[in-house]
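data.txt (compact mmCIF, C-alpha atoms and all ligand atoms)
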# COMPACT_ATOMS: atom_id res chain seq x y z
CA MET A 1 -25.35 30.19 9.26
CA ASP A 2 -22.63 31.91 7.22
CA TRP A 3 -22.67 32.85 3.54
CA ILE A 4 -21.68 29.46 2.14
CA GLY A 5 -24.27 27.73 4.26
CA ILE A 6 -22.04 26.53 7.07
CA ASP A 7 -23.89 26.28 10.33
CA ARG A 8 -20.87 25.73 12.52
CA ASP A 9 -22.87 25.34 15.72
CA ASN A 10 -24.95 22.51 14.35
CA GLY A 11 -22.08 20.97 12.43
CA PHE A 12 -23.77 21.27 9.01
CA PHE A 13 -21.51 22.00 6.12
CA GLY A 14 -22.07 23.67 2.72
CA GLN A 15 -24.96 22.79 0.42
CA LYS A 16 -24.80 19.33 -1.08
CA PRO A 17 -23.35 19.62 -4.61
CA ASP A 18 -25.24 18.04 -7.52
CA ASP A 19 -24.26 14.50 -8.49
CA MET A 20 -21.25 14.17 -10.75
CA THR A 21 -22.29 14.11 -14.42
CA GLU A 22 -21.39 11.08 -16.55
CA ALA A 23 -18.93 13.24 -18.52
CA GLU A 24 -17.23 14.46 -15.33
CA PHE A 25 -16.96 10.91 -14.06
CA ALA A 26 -15.56 9.66 -17.39
CA ARG A 27 -12.86 12.35 -17.31
CA LEU A 28 -12.02 11.61 -13.67
CA THR A 29 -11.83 7.86 -14.40
CA LYS A 30 -9.38 8.52 -17.25
CA TYR A 31 -7.28 10.91 -15.14
CA ILE A 32 -7.01 8.48 -12.20
CA LYS A 33 -6.25 5.49 -14.40
CA THR A 34 -3.56 7.28 -16.36
CA ARG A 35 -1.84 8.74 -13.31
CA TYR A 36 -2.36 6.08 -10.64
CA GLY A 37 -3.56 2.94 -12.42
CA LEU A 38 -6.77 2.64 -10.40
CA ASP A 39 -9.71 1.48 -12.49
CA LEU A 40 -12.83 3.29 -11.26
CA THR A 41 -15.11 1.96 -14.00
CA GLY A 42 -18.59 1.29 -12.57
CA LYS A 43 -17.71 2.87 -9.23
CA LYS A 44 -19.38 6.28 -9.63
CA SER A 45 -21.47 6.01 -6.45
CA MET A 46 -18.46 4.92 -4.43
CA VAL A 47 -16.41 7.86 -5.75
CA GLU A 48 -19.20 10.34 -5.00
CA SER A 49 -19.75 9.02 -1.51
CA ARG A 50 -16.03 9.22 -0.70
CA LEU A 51 -15.79 12.82 -1.93
CA ILE A 52 -19.07 14.50 -1.07
CA ASN A 53 -18.35 15.39 2.57
CA TYR A 54 -14.96 16.77 1.62
CA LEU A 55 -16.48 19.00 -1.08
CA MET A 56 -19.09 20.32 1.35
CA ASP A 57 -16.50 20.77 4.06
CA ARG A 58 -14.23 22.77 1.75
CA GLY A 59 -17.08 24.81 0.26
CA PHE A 60 -16.82 23.50 -3.32
CA GLY A 61 -20.18 24.24 -4.95
CA SER A 62 -19.95 21.45 -7.53
CA PHE A 63 -17.85 18.49 -8.63
CA SER A 64 -16.80 20.43 -11.73
CA GLU A 65 -15.38 23.25 -9.60
CA TYR A 66 -13.52 20.74 -7.40
CA LEU A 67 -12.18 18.69 -10.31
CA ARG A 68 -11.03 21.81 -12.13
CA THR A 69 -8.62 22.63 -9.27
CA ILE A 70 -7.12 19.17 -9.69
CA TYR A 71 -6.84 19.26 -13.49
CA ASP A 72 -5.33 22.75 -13.22
CA GLY A 73 -2.40 21.21 -11.35
CA GLY A 74 -3.46 21.50 -7.72
CA GLU A 75 -1.01 18.95 -6.33
CA GLU A 76 -2.34 19.22 -2.79
CA GLU A 77 -5.89 18.57 -3.95
CA ALA A 78 -4.67 15.68 -6.11
CA ALA A 79 -2.94 14.10 -3.08
CA ASN A 80 -6.12 14.59 -1.10
CA LEU A 81 -8.17 12.98 -3.84
CA ILE A 82 -5.92 9.93 -3.89
CA ASN A 83 -6.10 9.64 -0.09
CA ARG A 84 -9.85 9.34 -0.52
CA LEU A 85 -10.00 7.08 -3.55
CA THR A 86 -7.54 4.41 -2.47
CA THR A 87 -8.74 1.43 -0.45
CA ASN A 88 -6.24 0.88 2.35
CA TYR A 89 -7.73 -2.18 4.03
CA THR A 90 -5.00 -4.33 5.58
CA TYR A 91 -4.11 -6.14 8.79
CA PHE A 92 -1.17 -7.93 10.42
CA LEU A 93 -0.42 -11.48 9.21
CA ARG A 94 -2.82 -11.14 6.26
CA GLU A 95 -2.34 -14.11 3.89
CA GLN A 96 -0.28 -16.06 6.36
CA GLU A 97 0.97 -18.53 3.70
CA HIS A 98 3.40 -15.85 2.52
CA TYR A 99 4.97 -15.51 5.96
CA GLU A 100 5.39 -19.30 6.11
CA HIS A 101 7.07 -19.29 2.69
CA PHE A 102 9.20 -16.35 3.80
CA MET A 103 10.51 -18.17 6.90
CA ASN A 104 10.77 -21.68 5.44
CA SER A 105 11.89 -21.03 1.84
CA PHE A 106 12.74 -17.43 1.07
CA LEU A 107 15.15 -16.70 3.94
CA PRO A 108 16.96 -20.08 3.75
CA ASN A 109 17.31 -19.59 -0.05
CA MET A 110 18.84 -16.18 0.52
CA SER A 111 21.71 -17.45 2.70
CA GLU A 112 24.34 -16.23 0.20
CA ARG A 113 22.81 -12.74 0.02
CA ILE A 114 22.60 -12.67 3.81
CA LYS A 115 26.28 -13.61 4.05
CA GLN A 116 27.05 -10.79 1.59
CA GLY A 117 25.38 -8.49 4.13
CA GLU A 118 22.31 -7.18 2.33
CA LEU A 119 18.75 -8.29 1.68
CA CYS A 120 16.49 -6.00 -0.35
CA ILE A 121 12.75 -6.33 0.31
CA TRP A 122 10.00 -4.04 -0.98
CA SER A 123 6.43 -3.85 0.25
CA ALA A 124 4.79 -2.10 -2.73
CA GLY A 125 1.35 -0.71 -1.86
CA CYS A 126 2.08 -1.00 1.86
CA SER A 127 -0.98 0.90 3.10
CA PHE A 128 -0.71 1.36 6.91
CA GLY A 129 2.52 -0.63 7.12
CA ASN A 130 1.13 -3.81 8.71
CA GLU A 131 2.63 -5.99 5.96
CA ALA A 132 6.12 -4.49 6.17
CA TYR A 133 6.18 -4.62 9.98
CA THR A 134 5.06 -8.27 9.88
CA PHE A 135 7.94 -9.19 7.54
CA ALA A 136 10.31 -7.23 9.79
CA ALA A 137 9.06 -9.19 12.83
CA CYS A 138 9.58 -12.48 10.96
CA MET A 139 13.18 -11.49 10.24
CA GLU A 140 13.83 -10.46 13.83
CA ASP A 141 12.72 -13.92 14.97
CA TYR A 142 14.57 -15.69 12.18
CA PHE A 143 17.92 -14.03 12.84
CA GLU A 144 17.52 -14.12 16.62
CA GLY A 145 17.09 -17.89 16.40
CA ARG A 146 20.40 -18.03 14.48
CA GLY A 147 22.45 -15.95 16.85
CA GLY A 148 21.88 -12.62 15.08
CA SER A 149 23.18 -11.22 11.81
CA LYS A 150 24.84 -8.04 10.62
CA CYS A 151 22.90 -8.20 7.35
CA ASP A 152 21.22 -4.92 6.36
CA ARG A 153 17.63 -6.08 5.95
CA ARG A 154 15.66 -2.85 6.13
CA ILE A 155 12.40 -3.09 4.21
CA LEU A 156 11.32 -0.43 1.74
CA ALA A 157 7.57 0.20 2.05
CA THR A 158 5.80 2.49 -0.43
CA ASP A 159 2.34 3.77 -1.24
CA ILE A 160 0.57 6.61 -3.06
CA SER A 161 -1.66 7.48 -0.14
CA ARG A 162 0.13 10.12 1.91
CA ASN A 163 -2.35 9.60 4.77
CA ALA A 164 -1.62 5.87 4.82
CA LEU A 165 2.14 6.59 4.89
CA ILE A 166 1.75 8.98 7.84
CA ALA A 167 -0.26 6.35 9.74
CA ALA A 168 2.30 3.68 8.80
CA LYS A 169 5.16 5.78 10.16
CA ASN A 170 3.20 6.44 13.36
CA GLY A 171 2.73 2.69 13.73
CA ILE A 172 -0.27 2.82 16.07
CA TYR A 173 -2.98 0.19 15.60
CA GLY A 174 -6.29 -0.83 17.09
CA GLU A 175 -7.13 -4.29 18.36
CA ALA A 176 -8.79 -5.34 15.06
CA ALA A 177 -5.60 -4.77 13.03
CA ILE A 178 -3.46 -6.97 15.27
CA LYS A 179 -5.94 -9.65 16.26
CA ALA A 180 -4.21 -12.36 14.18
CA LEU A 181 -0.86 -11.77 15.90
CA PRO A 182 0.30 -14.37 18.41
CA PRO A 183 0.47 -13.05 22.02
CA HIS A 184 4.27 -13.33 22.20
CA TRP A 185 4.60 -10.99 19.17
CA ARG A 186 2.24 -8.46 20.72
CA ALA A 187 4.33 -8.51 23.86
CA LYS A 188 7.65 -8.40 22.00
CA TYR A 189 6.98 -5.82 19.29
CA PHE A 190 4.18 -3.57 20.61
CA THR A 191 3.46 -1.33 23.55
CA GLU A 192 -0.18 -1.21 24.59
CA LYS A 193 -1.85 1.90 25.93
CA ARG A 194 -5.60 2.32 26.32
CA GLY A 195 -6.45 -0.29 23.70
CA LEU A 196 -3.96 1.03 21.10
CA PHE A 197 -0.84 -0.88 20.13
CA THR A 198 2.33 1.02 19.11
CA VAL A 199 5.07 -0.71 17.12
CA ASN A 200 8.32 -0.58 19.04
CA GLU A 201 11.60 0.94 17.91
CA ARG A 202 13.13 -2.41 17.07
CA LEU A 203 10.67 -3.00 14.22
CA ARG A 204 10.32 0.66 13.28
CA SER A 205 14.05 0.94 12.54
CA GLN A 206 13.70 -1.96 10.09
CA VAL A 207 11.18 -0.27 7.77
CA MET A 208 11.61 2.80 5.54
CA PHE A 209 8.36 4.35 4.34
CA ARG A 210 8.41 6.35 1.11
CA TYR A 211 6.01 7.71 -1.49
CA HIS A 212 6.13 5.79 -4.76
CA ASN A 213 3.54 5.57 -7.51
CA LEU A 214 3.56 2.12 -9.10
CA MET A 215 2.63 3.67 -12.44
CA GLU A 216 6.03 5.31 -12.58
CA PRO A 217 9.38 3.76 -13.55
CA ILE A 218 11.17 1.91 -10.77
CA SER A 219 14.37 3.80 -10.23
CA PHE A 220 15.62 2.60 -6.85
CA LYS A 221 19.38 2.13 -6.70
CA LYS A 222 19.25 -1.63 -6.13
CA ARG A 223 17.30 -4.62 -7.36
CA PHE A 224 15.12 -6.54 -4.92
CA ASP A 225 15.36 -10.05 -3.52
CA LEU A 226 11.66 -9.94 -2.71
CA ILE A 227 8.87 -7.71 -3.94
CA VAL A 228 5.59 -7.99 -2.07
CA CYS A 229 2.69 -6.44 -3.96
CA ARG A 230 -0.52 -7.85 -2.57
CA ASN A 231 -4.07 -6.67 -3.03
CA VAL A 232 -3.00 -3.75 -5.19
CA MET A 233 -3.35 -5.19 -8.71
CA ILE A 234 -7.02 -5.97 -8.00
CA TYR A 235 -7.60 -2.25 -8.56
CA PHE A 236 -5.77 -2.20 -11.91
CA ASP A 237 -6.86 -3.41 -15.34
CA LYS A 238 -5.07 -6.21 -17.25
CA ASP A 239 -2.70 -4.03 -19.31
CA THR A 240 -1.69 -1.98 -16.29
CA CYS A 241 -0.91 -5.22 -14.40
CA SER A 242 1.15 -6.58 -17.31
CA ARG A 243 3.26 -3.43 -17.49
CA LEU A 244 3.71 -3.36 -13.70
CA ILE A 245 4.80 -7.01 -13.56
CA ARG A 246 7.35 -6.33 -16.30
CA ARG A 247 8.77 -3.43 -14.26
CA PHE A 248 8.84 -5.64 -11.14
CA TYR A 249 10.64 -8.38 -13.07
CA ASN A 250 13.37 -5.98 -14.21
CA ALA A 251 13.71 -4.74 -10.63
CA THR A 252 14.06 -8.27 -9.16
CA ASN A 253 17.44 -9.92 -8.57
CA LYS A 254 18.05 -13.25 -10.28
CA GLY A 255 16.74 -15.90 -7.87
CA GLY A 256 14.49 -13.31 -6.21
CA TYR A 257 10.77 -13.57 -5.51
CA LEU A 258 7.48 -11.79 -6.04
CA TYR A 259 4.48 -12.29 -3.74
CA ILE A 260 1.07 -11.23 -5.07
CA GLY A 261 -2.34 -11.44 -3.38
CA HIS A 262 -4.02 -14.85 -3.43
CA ALA A 263 -7.06 -13.27 -5.12
CA GLU A 264 -4.91 -11.78 -7.88
CA ALA A 265 -4.02 -13.31 -11.24
CA MET A 266 -0.52 -13.19 -12.69
CA PRO A 267 -0.57 -11.76 -16.26
CA GLN A 268 -0.05 -14.48 -18.88
CA ASP A 269 2.98 -12.77 -20.38
CA SER A 270 4.85 -12.71 -17.06
CA LEU A 271 8.42 -14.05 -17.09
CA TYR A 272 8.31 -15.07 -13.42
CA VAL A 273 8.04 -18.79 -12.70
CA ARG A 274 5.25 -19.92 -10.37
CA GLU A 275 6.54 -21.65 -7.24
CA GLN A 276 3.27 -22.00 -5.37
CA ALA A 277 -0.02 -20.09 -5.12
CA ALA A 278 0.74 -16.33 -5.16
CA VAL A 279 4.53 -16.95 -5.00
CA TYR A 280 6.68 -16.35 -8.10
CA ARG A 281 10.40 -16.47 -8.76
CA LYS A 282 12.83 -14.95 -11.26
CA LEU A 283 15.13 -17.77 -12.32
C1 LIG B 1 -5.83 -2.87 -0.11
S1 LIG B 1 -4.33 -2.07 0.22
C2 LIG B 1 -3.23 -3.48 0.36
C3 LIG B 1 -2.30 -3.35 1.52
C4 LIG B 1 -1.39 -4.57 1.75
N1 LIG B 1 -0.50 -4.76 0.63
C5 LIG B 1 -2.19 -5.80 2.04
O1 LIG B 1 -2.25 -6.70 1.19
O2 LIG B 1 -2.80 -5.86 3.10
C6 LIG B 1 -3.87 -1.41 -1.40
C7 LIG B 1 -2.85 -0.28 -1.30
O3 LIG B 1 -2.32 -0.03 -2.61
C8 LIG B 1 -2.09 1.35 -2.73
N2 LIG B 1 -2.01 1.73 -4.15
C9 LIG B 1 -3.01 1.75 -5.07
N3 LIG B 1 -2.56 2.23 -6.25
C10 LIG B 1 -1.23 2.47 -6.08
C11 LIG B 1 -0.22 2.98 -6.94
N4 LIG B 1 -0.46 3.37 -8.19
N5 LIG B 1 1.03 3.11 -6.44
C12 LIG B 1 1.29 2.76 -5.16
N6 LIG B 1 0.38 2.28 -4.29
C13 LIG B 1 -0.89 2.14 -4.75
C14 LIG B 1 -3.28 1.97 -2.00
O4 LIG B 1 -3.03 3.30 -1.62
C15 LIG B 1 -3.47 1.02 -0.83
O5 LIG B 1 -2.83 1.48 0.33
With the file now loaded, output its structure as structure tokens.
Amino acid sequence: MDWIGIDRDNGFFGQKPDDMTEAEFARLTKYIKTRYGLDLTGKKSMVESRLINYLMDRGFGSFSEYLRTIYDGGEEEAANLINRLTTNYTYFLREQEHYEHFMNSFLPNMSERIKQGELCIWSAGCSFGNEAYTFAACMEDYFEGRGGSKCDRRILATDISRNALIAAKNGIYGEAAIKALPPHWRAKYFTEKRGLFTVNERLRSQVMFRYHNLMEPISFKKRFDLIVCRNVMIYFDKDTCSRLIRRFYNATNKGGYLYIGHAEAMPQDSLYVREQAAVYRKL
């Protein structure tokens, strides 16, 4: 056992820090909401359970000591914190209705843009990349069935979790993540090795993964024909959602679309027009 209580042979880490105080949690909640939009209200136990092993592992004696490094500007610790506090659950072909709309309505409606040679699609809050790769696979099939296209259709996929972005770029998935995919897609777009499925180069080249915090202004060079932001707003409060939807609206091309999660509500002041459940359009 060494001086901070690490018994490396037995795999025990430092002493368990005391629970976070209510005041510490209130300050952390405010910090996370202001910077990242996530509403942690009522989730103290979840936050503690996601952080405790890390604190012990890194030898922080208390939550206050750990949080001080973050409030003092420790960017690396802040990135680490956000890796732990975000919920990255996702899988291929999640909310299939969107992929049907994409193939049957969105892409046919975009024929002019496609002729012009560019389609701008953004998966905002992409997590491990499953969503962006699924849209890329849809487009491969769509254009293949029409004799190909020179249209630049690379998808921008962004998140605040650096760990999720690394995993997304690696593009390696377990059986559970791809279980909804039809066999011909598995064969066409993945290579299987010892139960792990790696996205092939054809799809990989169609997706660009970047860090972007949805609380910040949207300053990409172009407007989007489709913004997909699903199962992200469920973690935000009403005002944060309203402001985000306004930013999305300004970043959408006229005639472009927004897909949100089916469990999410569109803010009442939104200027998008509802086309069907979880599908909105800027007219
Ligand atoms: C539950 S996942 C949803 C993934 C995918 N869109 C889907 O529907 O399967 C939510 C993702 O939103 C990301 N996220 C949360 N707050 C964010 C923010 N402020 N900016 C960017 N991404 C954020 C999280 O890191 C997480 O990967």
Counting all atoms listed in the file, which residues of chain A sit at most 8 Å from some atom of ligand LIG 1 (chain B), and what is each one's closest atom pair with its distance in Å to one decimal, listed by chain and rising residue number, as JSON lines?
{"residue": "A:Arg35", "atom": "CA", "partner": "B:LIG1", "partner_atom": "N4", "distance": 7.5}
{"residue": "A:Tyr36", "atom": "CA", "partner": "B:LIG1", "partner_atom": "N4", "distance": 4.1}
{"residue": "A:Gly37", "atom": "CA", "partner": "B:LIG1", "partner_atom": "N4", "distance": 5.3}
{"residue": "A:Leu38", "atom": "CA", "partner": "B:LIG1", "partner_atom": "N3", "distance": 5.9}
{"residue": "A:Ile82", "atom": "CA", "partner": "B:LIG1", "partner_atom": "O4", "distance": 7.6}
{"residue": "A:Asn83", "atom": "CA", "partner": "B:LIG1", "partner_atom": "O4", "distance": 7.2}
{"residue": "A:Thr86", "atom": "CA", "partner": "B:LIG1", "partner_atom": "O4", "distance": 4.7}
{"residue": "A:Thr87", "atom": "CA", "partner": "B:LIG1", "partner_atom": "C1", "distance": 5.2}
{"residue": "A:Asn88", "atom": "CA", "partner": "B:LIG1", "partner_atom": "O5", "distance": 4.0}
{"residue": "A:Tyr89", "atom": "CA", "partner": "B:LIG1", "partner_atom": "C1", "distance": 4.6}
{"residue": "A:Thr90", "atom": "CA", "partner": "B:LIG1", "partner_atom": "O2", "distance": 3.7}
{"residue": "A:Tyr91", "atom": "CA", "partner": "B:LIG1", "partner_atom": "O2", "distance": 5.8}
{"residue": "A:Phe92", "atom": "CA", "partner": "B:LIG1", "partner_atom": "O2", "distance": 7.8}
{"residue": "A:Arg94", "atom": "CA", "partner": "B:LIG1", "partner_atom": "O2", "distance": 6.2}
{"residue": "A:Glu95", "atom": "CA", "partner": "B:LIG1", "partner_atom": "O1", "distance": 7.9}
{"residue": "A:Ser123", "atom": "CA", "partner": "B:LIG1", "partner_atom": "N1", "distance": 7.0}
{"residue": "A:Ala124", "atom": "CA", "partner": "B:LIG1", "partner_atom": "N6", "distance": 6.4}
{"residue": "A:Gly125", "atom": "CA", "partner": "B:LIG1", "partner_atom": "O3", "distance": 3.8}
{"residue": "A:Cys126", "atom": "CA", "partner": "B:LIG1", "partner_atom": "N1", "distance": 4.7}
{"residue": "A:Ser127", "atom": "CA", "partner": "B:LIG1", "partner_atom": "O5", "distance": 3.4}
{"residue": "A:Phe128", "atom": "CA", "partner": "B:LIG1", "partner_atom": "O5", "distance": 6.9}
{"residue": "A:Gly129", "atom": "CA", "partner": "B:LIG1", "partner_atom": "C4", "distance": 7.7}
{"residue": "A:Asn130", "atom": "CA", "partner": "B:LIG1", "partner_atom": "O2", "distance": 7.1}
{"residue": "A:Glu131", "atom": "CA", "partner": "B:LIG1", "partner_atom": "C4", "distance": 6.0}
{"residue": "A:Thr158", "atom": "CA", "partner": "B:LIG1", "partner_atom": "C12", "distance": 6.5}
{"residue": "A:Asp159", "atom": "CA", "partner": "B:LIG1", "partner_atom": "N6", "distance": 3.9}
{"residue": "A:Ile160", "atom": "CA", "partner": "B:LIG1", "partner_atom": "C12", "distance": 4.4}
{"residue": "A:Ser161", "atom": "CA", "partner": "B:LIG1", "partner_atom": "O4", "distance": 4.6}
{"residue": "A:Ala164", "atom": "CA", "partner": "B:LIG1", "partner_atom": "O5", "distance": 6.4}
{"residue": "A:Tyr211", "atom": "CA", "partner": "B:LIG1", "partner_atom": "C12", "distance": 7.8}
{"residue": "A:His212", "atom": "CA", "partner": "B:LIG1", "partner_atom": "C12", "distance": 5.7}
{"residue": "A:Asn213", "atom": "CA", "partner": "B:LIG1", "partner_atom": "N5", "distance": 3.7}
{"residue": "A:Leu214", "atom": "CA", "partner": "B:LIG1", "partner_atom": "N5", "distance": 3.8}
{"residue": "A:Met215", "atom": "CA", "partner": "B:LIG1", "partner_atom": "N4", "distance": 5.3}
{"residue": "A:Val228", "atom": "CA", "partner": "B:LIG1", "partner_atom": "N1", "distance": 7.4}
{"residue": "A:Cys229", "atom": "CA", "partner": "B:LIG1", "partner_atom": "N1", "distance": 5.8}
{"residue": "A:Arg230", "atom": "CA", "partner": "B:LIG1", "partner_atom": "O1", "distance": 4.3}
{"residue": "A:Asn231", "atom": "CA", "partner": "B:LIG1", "partner_atom": "O1", "distance": 4.6}
{"residue": "A:Val232", "atom": "CA", "partner": "B:LIG1", "partner_atom": "C6", "distance": 4.5}
{"residue": "A:Met233", "atom": "CA", "partner": "B:LIG1", "partner_atom": "C9", "distance": 7.8}
{"residue": "A:Tyr235", "atom": "CA", "partner": "B:LIG1", "partner_atom": "C9", "distance": 7.0}
{"residue": "A:Phe236", "atom": "CA", "partner": "B:LIG1", "partner_atom": "N3", "distance": 7.9}
{"residue": "A:Gly261", "atom": "CA", "partner": "B:LIG1", "partner_atom": "O1", "distance": 6.6}
Considering only C-alpha atoms, state which residue in the set A:Ser270, A:Asn200, A:Ser64, A:Thr240 is at the smallest distance from A:Thr34. A:Thr240
Excluding A:Glu65 and any residue of its chain fewer than 5 positions from it, enumerate the residues within 10 Å of it, using all atoms listed in the file, and give them as a list in words.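 My list of contacting residues is Leu55, Phe60 and Ile70 of chain A.
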Go ahead and dump the residues you just picked, C-alpha atoms, as an mmCIF file, keeping the file's coordinate frame.
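What follows is the written file selection02.cif:
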data_model
loop_
_atom_site.group_PDB
_atom_site.id
_atom_site.type_symbol
_atom_site.label_atom_id
_atom_site.label_comp_id
_atom_site.auth_asym_id
_atom_site.auth_seq_id
_atom_site.Cartn_x
_atom_site.Cartn_y
_atom_site.Cartn_z
ATOM 1 C CA LEU A 55 -16.480 19.000 -1.080
ATOM 2 C CA PHE A 60 -16.820 23.500 -3.320
ATOM 3 C CA ILE A 70 -7.120 19.170 -9.690
#
Write out as a PyMOL selection string the residues lying within 9 Å of A:Leu107, counting all atoms listed in the file and excluding same-chain residues fewer than 6 positions away. chain A and resi 101+114+139+142
All residues 12 Å or closer to A:Glu175, all atoms listed in the file, same chain fewer than 6 positions away omitted, as a count of residues only: 12
Enclose stretch 102-105 of chain A, meaning all of its atoms listed in the file, in a box aligned along x, y and z, pad it by 5 Å on each side, and list the centre and edge lengths in Å to one decimal, as JSON.
{"center_x": 10.5, "center_y": -19.0, "center_z": 4.4, "size_x": 12.7, "size_y": 15.3, "size_z": 15.1}
Distance in Å - atom CA of A:Asp57 versus atom CA of A:Asp18: 14.8 Å
Can you tell me, as a ChimeraX atom specification, what residues are no more than 10 Å from A:Met103 when counting all atoms listed in the file, ignoring any on the same chain fewer than 5 positions away? /A:98,108-109,135,138-139,141-142
Kindly write stretch 21-76 of chain A with C-alpha atoms to a file, as a tab-separated table (two decimals), in the first residue's frame.
chain	number	residue	atom	x	y	z
A	21	THR	CA	-22.04	18.51	-0.61
A	22	GLU	CA	-25.28	20.12	-1.82
A	23	ALA	CA	-23.39	23.40	-2.36
A	24	GLU	CA	-20.71	21.66	-4.46
A	25	PHE	CA	-23.36	19.94	-6.52
A	26	ALA	CA	-25.30	23.20	-7.03
A	27	ARG	CA	-22.15	24.91	-8.30
A	28	LEU	CA	-21.28	22.00	-10.59
A	29	THR	CA	-24.85	21.92	-11.96
A	30	LYS	CA	-24.62	25.64	-12.79
A	31	TYR	CA	-21.17	25.28	-14.37
A	32	ILE	CA	-22.22	22.34	-16.58
A	33	LYS	CA	-25.49	23.96	-17.63
A	34	THR	CA	-23.87	27.26	-18.53
A	35	ARG	CA	-21.01	25.70	-20.49
A	36	TYR	CA	-22.58	22.59	-22.03
A	37	GLY	CA	-26.35	22.93	-21.62
A	38	LEU	CA	-26.75	19.66	-19.72
A	39	ASP	CA	-29.31	19.89	-16.94
A	40	LEU	CA	-28.08	17.79	-14.01
A	41	THR	CA	-30.87	18.85	-11.62
A	42	GLY	CA	-31.88	15.89	-9.43
A	43	LYS	CA	-29.04	13.73	-10.73
A	44	LYS	CA	-26.57	14.03	-7.83
A	45	SER	CA	-26.23	10.27	-7.27
A	46	MET	CA	-25.68	9.66	-10.97
A	47	VAL	CA	-22.98	12.35	-11.10
A	48	GLU	CA	-21.23	10.96	-8.02
A	49	SER	CA	-21.32	7.41	-9.29
A	50	ARG	CA	-19.86	8.44	-12.66
A	51	LEU	CA	-17.01	10.38	-11.02
A	52	ILE	CA	-16.07	8.49	-7.88
A	53	ASN	CA	-13.78	5.85	-9.41
A	54	TYR	CA	-11.98	8.51	-11.42
A	55	LEU	CA	-11.35	10.62	-8.30
A	56	MET	CA	-10.00	7.62	-6.42
A	57	ASP	CA	-7.94	6.54	-9.41
A	58	ARG	CA	-6.37	9.99	-9.73
A	59	GLY	CA	-5.84	10.41	-5.99
A	60	PHE	CA	-8.21	13.35	-5.47
A	61	GLY	CA	-9.03	13.40	-1.75
A	62	SER	CA	-12.38	15.15	-2.13
A	63	PHE	CA	-14.87	16.43	-4.69
A	64	SER	CA	-13.97	20.00	-3.74
A	65	GLU	CA	-10.30	19.39	-4.59
A	66	TYR	CA	-11.27	17.81	-7.92
A	67	LEU	CA	-13.78	20.50	-8.85
A	68	ARG	CA	-11.33	23.26	-7.96
A	69	THR	CA	-8.94	22.05	-10.69
A	70	ILE	CA	-11.79	22.37	-13.18
A	71	TYR	CA	-12.99	25.80	-12.05
A	72	ASP	CA	-9.37	26.99	-12.06
A	73	GLY	CA	-9.30	26.37	-15.81
A	74	GLY	CA	-8.03	22.81	-16.07
A	75	GLU	CA	-9.16	22.18	-19.64
A	76	GLU	CA	-8.00	18.57	-19.65
